[in-house]
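Take a look at the structure below.
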Amino acid sequence: MSIASLLKKDESVTDEFEAYVCDDDTTQALVPVLNERDWDPSLVKKGGIENAIRTLATAASPKFLFVDLSKSASPMDDMNALAEVCQLGTMVIAIGTENDIDLYRGLISSGVQEYLVKPVTTDQLRECILVAENALRMASENVAPTDEKQTDKLVAVVGIRGGVGASTIVSSCAWLIANEMKKNTAILDMDIYFGTDALTFDLEPGRGLCDALENPSRIDGLFIERAMIRQGDNLSILGSEASLNDPTYTDPAAMSHLISELKHNFNYVIMDLPRNMAAEYPLMLSEADEIILVSDLTLPAARDVIRFLALCKTIAPETTVKIVLNKIAGVGMVEVDKKDFEASIERSVDWEIPFDPKLMVQASRAGKPLPQAAKMSKIVKVLTAISADITGDNAAEEKNSFWKKITSGSKK
């Protein structure tokens with residue numbers, strides 16, 4: 001029962017439901033669910049997973065299959081044997097008496113939808129079927145044939161210094177890509193304790209990111225759908241507001257698995273990556289398809305841009321790195337001139353965003369992302385150019401090229 005079996009639907013799957021159980025209590029818990037759905041109670045059979053393997057070896061598999069592992073001497077071996085006879089499209093829910101996290105993880109990673117420990121209740125079984133139905137629906141939608149090339153691009157945005165506005169750029173570009181360019185987009189706010197991307201949209205971040213990193217073996221399309229907050233039809237946010245009294249260690253493997261699953265489910269993933277996490281977990285940068293460093297015109301920022309450029313060259317030599325100067329005030333109002341800044345980092349910056357504190361306050365009070373609150377502002381024109389560059393939307397890029405030239409100091 002591979003993961004692929006959950007993502008493909010086979011027309012040879014006939015009956016809606018079958019169950020192979022080992023005790024009467026489980027049968028009694030199942031009967032009300034069957035009655036609610038007009039399913040035949042005779043489809044509940046005795047014998048557990050051993051009987052399921054024997055029966056399905058010569059018969060068509062159902063859409064939903066309950067198997068009891070209570071009398072199995074080797075649950076994982078039996079589950080692998082079941083996978084050999086189960087047809088594609090079968091959604092398997094296992095039940096048993098063994099309350100063991102390693103068994104649970106093994107079953108889930110093998111493609112089992114859920115594992116419940118006895119005694120099970122009617123409510124638990126009803127919920128499992130509902131969740132399984134949603135998973136089948138999502139799988140059907142995800143594998144629908146299309147002639148359009150599906151992009152899966154991860155962009156890591158790193159604020160070189162605190163307060164340079166990296167989160168504003170993340171939320172703004174993600175909103176533009178999702179709402180103006182109509183691309184399925186996700187924001188991954190890796191600031192587990194102090195992330196603000198959800199707050200930008202006047203939403204509560206919840207514990208989605210923490211749950212994902214604490215339970216990496218459970219991360220799949222359905223888990224992500226539950227953990228993420230939807231801002232609109234094309235934009236979802238994954239973040240957390242972890243307790244300050246509960247310091248956590250993040251497993252790099254969990255991060256990598258999460259990123260992989262997000263890229264599988266979204267066209268564009270815009271990751272708000274705190275500078276300390278980028279330094280502690282450089283694999284986050286190496287996983288990115290593009291890195292955007294956000295800086296201001298200060299001496300410490302110039303120093304740290306140099307350091308991050310060196311880090312990116314070491315761990316992600318093939319990855320494109322762009323630089324955005326944010327909150328750029330008028331002449332004589334910056335600590336380091338742009339010319340000196342570029343000389344010190346030995347390259348040109350890609351975009352400059354002007355400083356407009358009044359506009360930022362207005363957008364914040366409105367509880368809206370900047371492109372929605374101030375669509376025609378110079379700041380949003382630059383943000384649109386950045387978004388177009390991320391997606392490769394040449395039409396949008398040409399539309400905003402004039403503003404890009406102005407803000408970068410070029411002549412028309």
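By convention in this document, the chains of the structure tokens carry letters A, B, ... by their order, each chain's residues are numbered from 1, and ligands are numbered from 1 in the order they are shown.
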| request: Would you return as a ChimeraX atom specification the members of segment 66-247 of chain A that DSSP assigns to strand (DSSP E or B) on this structure's backbone? | output: /A:66-68,91-96,114-117,153-159,185-189,229-230,235-238
| message | Just want the 7 Å neighbourhood of Ile93 of chain A, counted on only C-alpha atoms, with same-chain residues fewer than 2 positions away dropped. Output as an MDAnalysis selection string. | response | chainID A and resid 65:67 91 95 112:115
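For the pair atom CA of Ile328 of chain A and atom CA of Asp393 of chain A, the separation is 25.9 Å.
Nearest-residue note for Arg218 of chain A: choosing from A:Glu204, A:Glu98, A:Asp233, A:Glu261, the minimum distance belongs to A:Glu261, counting only C-alpha atoms.
Distance check against Trp175 of chain A using only C-alpha atoms: of A:Lys381, A:Arg54, A:Arg226, A:Lys368, the minimum falls on A:Lys368.
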| message | Taking 2 positions as the minimum chain separation for residues in the same chain, which residues sit within 9 Å of Gly232 of chain A when counting only C-alpha atoms? Answer as JSON, numbers by chain. | response | {"A": [178, 179, 230, 234, 235, 236]}
| Test item: residues at most 12 Å from Tyr281 of chain A, only C-alpha atoms, excluding those fewer than 5 positions along its chain, as number ranges by chain | A: 190, 249-256, 273-276, 286-287, 311, 315
Selected residues written out with C-alpha atoms, as a JSON list (two decimals), in the first residue's frame:
```json
[["chain", "number", "residue", "atom", "x", "y", "z"],
["A", 190, "MET", "CA", 9.43, 29.92, 9.81],
["A", 249, "TYR", "CA", 14.34, 21.72, 18.67],
["A", 250, "THR", "CA", 13.53, 21.50, 15.00],
["A", 251, "ASP", "CA", 14.68, 18.37, 13.16],
["A", 252, "PRO", "CA", 16.27, 19.36, 9.81],
["A", 253, "ALA", "CA", 14.78, 16.23, 8.24],
["A", 254, "ALA", "CA", 11.31, 17.39, 9.32],
["A", 255, "MET", "CA", 11.90, 20.77, 7.68],
["A", 256, "SER", "CA", 13.04, 19.13, 4.46],
["A", 273, "LEU", "CA", 13.06, 32.70, 6.92],
["A", 274, "PRO", "CA", 14.49, 34.46, 10.02],
["A", 275, "ARG", "CA", 18.19, 35.19, 9.67],
["A", 276, "ASN", "CA", 19.11, 33.20, 12.80],
["A", 286, "SER", "CA", 19.92, 24.99, 0.01],
["A", 287, "GLU", "CA", 16.33, 23.77, -0.53],
["A", 311, "LEU", "CA", 27.02, 31.49, 2.83],
["A", 315, "ILE", "CA", 25.72, 25.90, 0.41]]
```
